[in-house]
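One file, target.cif, carrying mmCIF, C-alpha atoms:
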data_entry
loop_
_atom_site.label_atom_id
_atom_site.label_comp_id
_atom_site.auth_asym_id
_atom_site.auth_seq_id
_atom_site.Cartn_x
_atom_site.Cartn_y
_atom_site.Cartn_z
CA MET P 1 106.14 -47.45 9.68
CA ALA P 2 108.51 -46.92 6.78
CA GLU P 3 111.84 -45.35 7.57
CA ASP P 4 111.17 -42.31 5.34
CA GLN P 5 108.05 -41.54 7.39
CA VAL P 6 109.89 -41.32 10.72
CA THR P 7 110.84 -37.81 11.75
CA ALA P 8 114.12 -37.27 13.52
CA PRO P 9 114.03 -35.46 16.87
CA GLY P 10 113.82 -31.72 16.29
CA HIS P 11 112.82 -32.16 12.62
CA ARG P 12 109.72 -30.25 11.57
CA LEU P 13 107.38 -31.29 8.79
CA ALA P 14 106.63 -28.95 5.93
CA ASP P 15 102.95 -28.12 5.39
CA ALA P 16 102.89 -30.31 2.27
CA ASP P 17 104.23 -33.26 4.30
CA VAL P 18 101.59 -32.69 6.98
CA GLU P 19 98.86 -32.63 4.33
CA ALA P 20 100.21 -35.83 2.77
CA ARG P 21 100.21 -37.56 6.14
CA LEU P 22 96.70 -36.38 6.93
CA ALA P 23 95.50 -37.72 3.58
CA ARG P 24 97.21 -41.06 4.30
CA LEU P 25 95.63 -41.18 7.77
CA ASP P 26 92.20 -40.62 6.19
CA GLU P 27 92.83 -43.54 3.83
CA LEU P 28 93.94 -45.80 6.67
CA LEU P 29 90.97 -44.89 8.85
CA GLU P 30 88.59 -45.59 5.97
CA ARG P 31 90.18 -49.02 5.58
CA VAL P 32 89.87 -49.75 9.29
CA GLU P 33 86.23 -48.57 9.32
CA SER P 34 85.40 -50.89 6.42
CA VAL P 35 86.59 -53.96 8.33
CA ALA P 36 84.18 -55.61 10.73
CA GLY P 37 85.27 -57.25 13.95
CA PRO P 38 86.77 -56.63 17.36
CA THR P 39 90.22 -55.69 16.06
CA ALA P 40 88.83 -52.90 13.88
CA GLU P 41 86.59 -51.71 16.74
CA ALA P 42 89.59 -51.65 19.09
CA ALA P 43 91.67 -49.72 16.56
CA LEU P 44 88.94 -47.10 16.10
CA GLU P 45 88.45 -46.80 19.86
CA ALA P 46 92.21 -46.31 20.26
CA VAL P 47 92.19 -43.53 17.63
CA ARG P 48 89.22 -41.83 19.33
CA GLY P 49 90.90 -42.06 22.74
CA LEU P 50 94.18 -40.70 21.42
CA THR P 51 92.34 -37.86 19.68
CA GLN P 52 90.57 -36.96 22.93
CA VAL P 53 93.83 -36.94 24.91
CA TYR P 54 95.57 -34.76 22.30
CA GLY P 55 92.54 -32.48 22.26
CA GLU P 56 92.75 -32.10 26.02
CA ALA P 57 96.48 -31.33 25.76
CA LEU P 58 95.76 -28.69 23.13
CA ALA P 59 93.03 -27.19 25.35
CA ARG P 60 95.52 -26.90 28.19
CA VAL P 61 98.06 -25.19 25.92
CA ARG P 62 95.40 -22.74 24.79
CA ASP P 63 94.35 -22.07 28.39
CA LEU P 64 97.96 -21.31 29.36
CA ALA P 65 98.64 -19.17 26.31
CA GLY P 66 98.29 -15.42 26.47
CA PRO P 67 96.81 -13.38 23.63
CA ARG P 68 100.08 -13.24 21.68
CA LEU P 69 100.67 -17.00 21.76
CA THR P 70 96.99 -17.69 21.05
CA GLY P 71 97.31 -15.49 17.97
CA ALA P 72 100.37 -17.46 16.86
CA LEU P 73 98.48 -20.74 17.39
CA THR P 74 95.55 -19.58 15.29
CA ASP P 75 97.83 -18.21 12.55
CA ASP P 76 99.37 -21.66 12.04
CA ARG P 77 97.24 -23.57 9.54
CA LEU P 78 97.59 -27.00 11.19
CA LEU P 79 97.10 -25.74 14.74
CA SER P 80 94.15 -23.60 13.70
CA HIS P 81 92.54 -26.66 12.09
CA LEU P 82 93.14 -28.71 15.25
CA LEU P 83 91.66 -25.95 17.40
CA VAL P 84 88.54 -26.06 15.23
CA LEU P 85 88.44 -29.86 15.31
CA HIS P 86 88.45 -29.82 19.10
CA GLN P 87 86.08 -26.83 19.30
CA LEU P 88 88.80 -24.71 20.91
CA HIS P 89 89.32 -21.99 18.30
CA PRO P 90 88.89 -18.58 19.96
CA ASP P 91 87.44 -16.93 16.83
CA PRO P 92 83.87 -17.72 15.79
CA VAL P 93 83.33 -19.29 12.38
CA GLU P 94 81.80 -16.06 11.02
CA GLN P 95 84.96 -14.10 11.86
CA ARG P 96 87.28 -16.71 10.34
CA VAL P 97 85.19 -16.80 7.16
CA ALA P 98 85.12 -12.99 6.91
CA ASP P 99 88.90 -12.84 7.38
CA ALA P 100 89.40 -15.54 4.72
CA VAL P 101 87.17 -13.64 2.26
CA GLU P 102 89.26 -10.51 2.77
CA GLY P 103 92.43 -12.52 2.23
CA VAL P 104 91.28 -14.12 -1.03
CA ARG P 105 89.78 -10.87 -2.35
CA ALA P 106 93.23 -9.42 -3.21
CA VAL P 107 94.19 -12.55 -5.16
CA LEU P 108 90.90 -12.52 -7.08
CA ALA P 109 91.22 -8.81 -7.85
CA GLN P 110 94.47 -9.50 -9.71
CA ARG P 111 92.50 -11.86 -11.95
CA GLY P 112 89.52 -9.56 -12.52
CA ALA P 113 87.19 -11.14 -9.98
CA ASP P 114 85.71 -10.19 -6.63
CA VAL P 115 83.99 -11.90 -3.72
CA GLU P 116 81.57 -10.60 -1.12
CA LEU P 117 80.51 -12.50 1.99
CA VAL P 118 76.72 -12.51 2.20
CA GLY P 119 76.60 -14.47 5.46
CA VAL P 120 77.15 -17.71 7.35
CA GLU P 121 74.16 -19.69 8.51
CA ALA P 122 73.73 -23.30 9.62
CA GLY P 123 77.25 -24.24 8.52
CA VAL P 124 76.90 -22.76 5.02
CA ALA P 125 78.84 -19.70 3.87
CA SER P 126 77.02 -17.68 1.20
CA VAL P 127 79.15 -15.58 -1.12
CA ARG P 128 78.61 -13.38 -4.14
CA VAL P 129 81.33 -13.92 -6.75
CA THR P 130 81.76 -11.71 -9.79
CA ALA P 131 84.24 -12.04 -12.61
CA LYS P 132 84.97 -9.48 -15.29
CA GLY P 133 87.00 -9.92 -18.42
CA CYS P 134 88.83 -13.07 -19.38
CA GLY P 135 91.25 -13.39 -16.44
CA THR P 136 89.11 -15.72 -14.33
CA SER P 137 85.68 -17.27 -14.75
CA ALA P 138 83.16 -17.01 -11.93
CA THR P 139 83.33 -20.80 -11.57
CA THR P 140 87.12 -20.76 -11.16
CA ALA P 141 86.87 -17.87 -8.69
CA LEU P 142 84.19 -19.68 -6.71
CA GLU P 143 86.37 -22.78 -6.47
CA ALA P 144 89.27 -20.69 -5.12
CA VAL P 145 86.91 -19.05 -2.62
CA ARG P 146 85.49 -22.44 -1.58
CA GLU P 147 88.94 -23.92 -0.94
CA THR P 148 90.03 -20.85 1.03
CA LEU P 149 86.91 -20.75 3.20
CA LEU P 150 86.92 -24.47 3.93
CA ALA P 151 90.57 -24.26 4.95
CA ALA P 152 89.80 -21.37 7.32
CA ALA P 153 86.60 -22.93 8.68
CA PRO P 154 86.61 -26.70 8.13
CA GLU P 155 83.40 -27.02 10.11
CA LEU P 156 81.52 -25.45 7.20
CA THR P 157 79.40 -27.97 5.33
CA ALA P 158 79.22 -25.91 2.13
CA VAL P 159 80.07 -22.67 0.37
CA ARG P 160 77.15 -21.46 -1.72
CA ARG P 161 77.20 -18.88 -4.48
CA VAL P 162 74.48 -16.25 -4.34
CA ALA P 163 73.42 -14.59 -7.58
CA SER P 164 74.67 -11.08 -8.12
CA GLU P 165 72.15 -8.38 -7.47
CA PRO P 166 70.93 -6.72 -10.66
CA ALA P 167 71.90 -3.11 -11.21
CA PRO P 168 69.26 -0.74 -9.88
CA ALA P 169 66.78 0.46 -12.48
CA PHE P 170 66.85 3.99 -11.08
CA VAL P 171 66.94 6.76 -13.67
CA PRO P 172 67.46 10.27 -12.34
CA LEU P 173 64.49 12.57 -12.96
CA ALA P 174 66.74 15.15 -14.65
CA ASP P 175 67.60 12.57 -17.33
CA MET P 176 63.91 12.11 -18.12
CA LEU P 177 63.06 15.79 -18.56
CA PRO P 178 63.42 17.37 -21.97
CA THR P 179 66.48 19.46 -22.40
CA VAL P 180 65.80 23.07 -23.24
CA ALA P 181 68.46 24.91 -25.16
CA PRO P 182 69.35 28.29 -23.66
CA ALA P 183 67.94 31.29 -25.51
CA ALA P 184 70.24 33.06 -27.89
CA GLY P 185 72.44 35.59 -26.19
CA THR P 186 72.24 34.02 -22.69
CA PRO P 187 75.26 32.39 -21.16
#

Would you write the structure of this file as structure tokens?
Amino acid sequence: MAEDQVTAPGHRLADADVEARLARLDELLERVESVAGPTAEAALEAVRGLTQVYGEALARVRDLAGPRLTGALTDDRLLSHLLVLHQLHPDPVEQRVADAVEGVRAVLAQRGADVELVGVEAGVASVRVTAKGCGTSATTALEAVRETLLAAAPELTAVRRVASEPAPAFVPLADMLPTVAPAAGTP
């Protein structure tokens, strides 16, 4: 491992550094998976075993944690993702997606867009995205929503846009009746 990749005791990684390392790990695992032979099989088995042991350790931490610490664990982006990966997250996917939609709604509103969660079914979140004016296109808004939801619920397989419902064609009866002018001299 290169010297710049070693963390000193007590040193914490910034979120960007964690994401960079995760991306690098994905690249390395893809390389190992593409190689045939007993060495590659042993490497993959070692990674699976290590992942299981760390998952068990995380499960024990979660079991020992009270509600306050569990909340802190789920508020941390990396830990929340690991809890999902190991199927340990205390909040169901629907709740995490709904919370993420509420969080991204304020950002979209500043750009003239809105999002509504239609539902989550079979690993797919369905959303209704609307954009008004020239601040943000519906496509740009949908991409922001997609990134936010997949970060909150990485077990989702897709985020699907549902067409906006057309405005109701209801016309009040009073608007259809002829207007009669009041007779002269009446208030």

Please identify every residue of segment 96-173 of chain P that has at least one atom no farther than 10 Å from an atom of segment 68-82 of chain P, counting all atoms listed in the file, and for each give the shortest atom pair and the distance in Å to one decimal, arranged by chain then increasing number, as a Markdown table.
| residue | atom | partner | partner_atom | distance |
| --- | --- | --- | --- | --- |
| P:Ala151 | CA | P:His81 | CA | 7.8 |
| P:Ala152 | CA | P:His81 | CA | 7.6 |
| P:Ala153 | CA | P:His81 | CA | 7.8 |
| P:Pro154 | CA | P:His81 | CA | 7.1 |
| P:Glu155 | CA | P:His81 | CA | 9.4 |

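The space separating atom CA of Asp17 of chain P from atom CA of Thr157 of chain P comes to 25.4 Å.
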
Need the shell around Leu88 of chain P: protein/DNA/RNA residues with any atom at most 10 Å away, counting all atoms listed in the file. Skip same-chain ones fewer than 4 positions apart. Format as JSON, numbers by chain? {"P": [55, 56, 58, 59, 62, 63, 80, 81, 82, 83, 84, 92]}

Residue with smallest distance to Gln95 of chain P - pool P:Ala131, P:Val47, P:Val61, P:Leu117, counting all atoms listed in the file: P:Leu117

Which value, in Å to one decimal, gives the distance between atom CA of Leu29 of chain P and atom CA of Ala125 of chain P?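 These atoms are spaced 28.4 Å apart.
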
Let me make sure I understand: among P:Ala106, P:Leu64, P:Val124, P:Leu142, which one has the smallest atom-to-atom distance to Val93 of chain P if we use all atoms listed in the file?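 Of all the options, P:Val124 lies closest to Val93 of chain P.
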
For the point (82.5, -17.3, -9.1) in file coordinates, what residues are within 6 Å, counting all atoms listed in the file? Give the answer as a list in words?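 Within the cut-off we find Val129, Thr130, Ala138, Thr139, Ala141 and Leu142 of chain P.
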
d(atom CA of Ala20 of chain P, atom CA of Arg96 of chain P) in Å: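 Pair atom CA of Ala20 of chain P / atom CA of Arg96 of chain P returns 24.3 Å.
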
Here is a test: counting only C-alpha atoms, which residue of P:Thr148, P:Thr51, P:Ser126, P:Ser137 is nearest to Arg160 of chain P?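 Once distances to Arg160 of chain P are computed over only C-alpha atoms, the minimum belongs to P:Ser126.
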
Enclosing box along x, y and z for every listed atom of segment 117-133 of chain P, padded 3 Å each side, centre and size in Å, one decimal, as AutoDock Vina command-line options:
--center_x 80.4 --center_y -16.9 --center_z -4.4 --size_x 19.3 --size_y 20.8 --size_z 34.0

Compare P:Glu121, P:Ala16, P:Val35, P:Pro90 by their minimum atom-to-atom distance to Ala65 of chain P, counting all atoms listed in the file, and give me the closest one.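 Comparing P:Glu121, P:Ala16, P:Val35, P:Pro90 against Ala65 of chain P, the winner is P:Pro90.
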
So which one's closest to Thr140 of chain P, P:Arg12, P:Arg31, P:His89, P:Arg111? Using all atoms listed in the file, please.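 Using all atoms listed in the file, Thr140 of chain P sits closest to P:Arg111.
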
Using only C-alpha atoms - which residues lie no farther than 6 Å from the point (84.1, -19.4, 3.6) in the file's frame? Write them as JSON, numbers by chain. {"P": [97, 125, 149, 150]}

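The closest residue to Leu108 of chain P, picked from P:Lys132, P:Pro38, P:Leu44, P:Arg161 and counting only C-alpha atoms, is P:Lys132.
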
Given the PyMOL selection byres ((chain P and resi 115) around 6), the residues it picks as a ChimeraX atom specification: /P:114,116,128-129

Some atoms are missing, so please complete segment 119-150 of chain P with N, CA and C atoms and return it as a short mmCIF file (atom, residue, chain, number, x, y, z; two decimals), keeping the file's coordinate frame.
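What ended up in part.cif:
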data_model
loop_
_atom_site.label_atom_id
_atom_site.label_comp_id
_atom_site.auth_asym_id
_atom_site.auth_seq_id
_atom_site.Cartn_x
_atom_site.Cartn_y
_atom_site.Cartn_z
N GLY P 119 76.86 -14.04 4.10
CA GLY P 119 76.60 -14.47 5.46
C GLY P 119 76.98 -15.92 5.69
N VAL P 120 76.90 -16.32 6.96
CA VAL P 120 77.15 -17.71 7.35
C VAL P 120 75.97 -18.13 8.20
N GLU P 121 75.33 -19.21 7.78
CA GLU P 121 74.16 -19.69 8.51
C GLU P 121 74.09 -21.20 8.41
N ALA P 122 73.90 -21.85 9.55
CA ALA P 122 73.73 -23.30 9.62
C ALA P 122 74.87 -24.04 8.91
N GLY P 123 76.10 -23.57 9.10
CA GLY P 123 77.25 -24.24 8.52
C GLY P 123 77.48 -23.99 7.04
N VAL P 124 76.75 -23.06 6.45
CA VAL P 124 76.90 -22.76 5.02
C VAL P 124 77.30 -21.29 4.88
N ALA P 125 78.41 -21.07 4.18
CA ALA P 125 78.84 -19.70 3.87
C ALA P 125 78.26 -19.32 2.52
N SER P 126 77.59 -18.18 2.47
CA SER P 126 77.02 -17.68 1.20
C SER P 126 77.88 -16.53 0.72
N VAL P 127 78.29 -16.60 -0.55
CA VAL P 127 79.15 -15.58 -1.12
C VAL P 127 78.60 -15.13 -2.47
N ARG P 128 78.94 -13.91 -2.82
CA ARG P 128 78.61 -13.38 -4.14
C ARG P 128 79.95 -13.24 -4.87
N VAL P 129 80.09 -13.94 -5.97
CA VAL P 129 81.33 -13.92 -6.75
C VAL P 129 81.05 -13.28 -8.10
N THR P 130 81.88 -12.33 -8.47
CA THR P 130 81.76 -11.71 -9.79
C THR P 130 83.10 -11.80 -10.49
N ALA P 131 83.03 -11.98 -11.80
CA ALA P 131 84.24 -12.04 -12.61
C ALA P 131 84.04 -11.17 -13.83
N LYS P 132 85.04 -10.36 -14.13
CA LYS P 132 84.97 -9.48 -15.29
C LYS P 132 86.13 -9.81 -16.21
N GLY P 133 85.92 -9.69 -17.48
CA GLY P 133 87.00 -9.92 -18.42
C GLY P 133 87.31 -11.39 -18.57
N CYS P 134 88.50 -11.69 -19.09
CA CYS P 134 88.83 -13.07 -19.38
C CYS P 134 89.87 -13.63 -18.43
N GLY P 135 90.22 -12.91 -17.36
CA GLY P 135 91.25 -13.39 -16.44
C GLY P 135 90.83 -14.62 -15.66
N THR P 136 89.61 -14.62 -15.15
CA THR P 136 89.11 -15.72 -14.33
C THR P 136 87.61 -15.85 -14.54
N SER P 137 87.13 -17.07 -14.66
CA SER P 137 85.68 -17.27 -14.75
C SER P 137 85.11 -17.26 -13.34
N ALA P 138 83.82 -17.01 -13.23
CA ALA P 138 83.16 -17.01 -11.93
C ALA P 138 83.26 -18.39 -11.29
N THR P 139 83.23 -19.44 -12.09
CA THR P 139 83.33 -20.80 -11.57
C THR P 139 84.71 -21.05 -10.97
N THR P 140 85.75 -20.61 -11.67
CA THR P 140 87.12 -20.76 -11.16
C THR P 140 87.30 -19.94 -9.89
N ALA P 141 86.78 -18.73 -9.87
CA ALA P 141 86.87 -17.87 -8.69
C ALA P 141 86.14 -18.50 -7.52
N LEU P 142 84.96 -19.05 -7.78
CA LEU P 142 84.19 -19.68 -6.71
C LEU P 142 84.95 -20.87 -6.13
N GLU P 143 85.60 -21.64 -6.96
CA GLU P 143 86.37 -22.78 -6.47
C GLU P 143 87.52 -22.33 -5.57
N ALA P 144 88.20 -21.25 -5.95
CA ALA P 144 89.27 -20.69 -5.12
C ALA P 144 88.71 -20.20 -3.79
N VAL P 145 87.56 -19.53 -3.84
CA VAL P 145 86.91 -19.05 -2.62
C VAL P 145 86.51 -20.23 -1.74
N ARG P 146 85.93 -21.26 -2.33
CA ARG P 146 85.49 -22.44 -1.58
C ARG P 146 86.68 -23.08 -0.86
N GLU P 147 87.76 -23.30 -1.56
CA GLU P 147 88.94 -23.92 -0.94
C GLU P 147 89.47 -23.06 0.21
N THR P 148 89.52 -21.75 0.00
CA THR P 148 90.03 -20.85 1.03
C THR P 148 89.14 -20.85 2.26
N LEU P 149 87.83 -20.80 2.06
CA LEU P 149 86.91 -20.75 3.20
C LEU P 149 86.89 -22.06 3.96
N LEU P 150 86.92 -23.18 3.25
CA LEU P 150 86.92 -24.47 3.93
C LEU P 150 88.22 -24.72 4.69
#
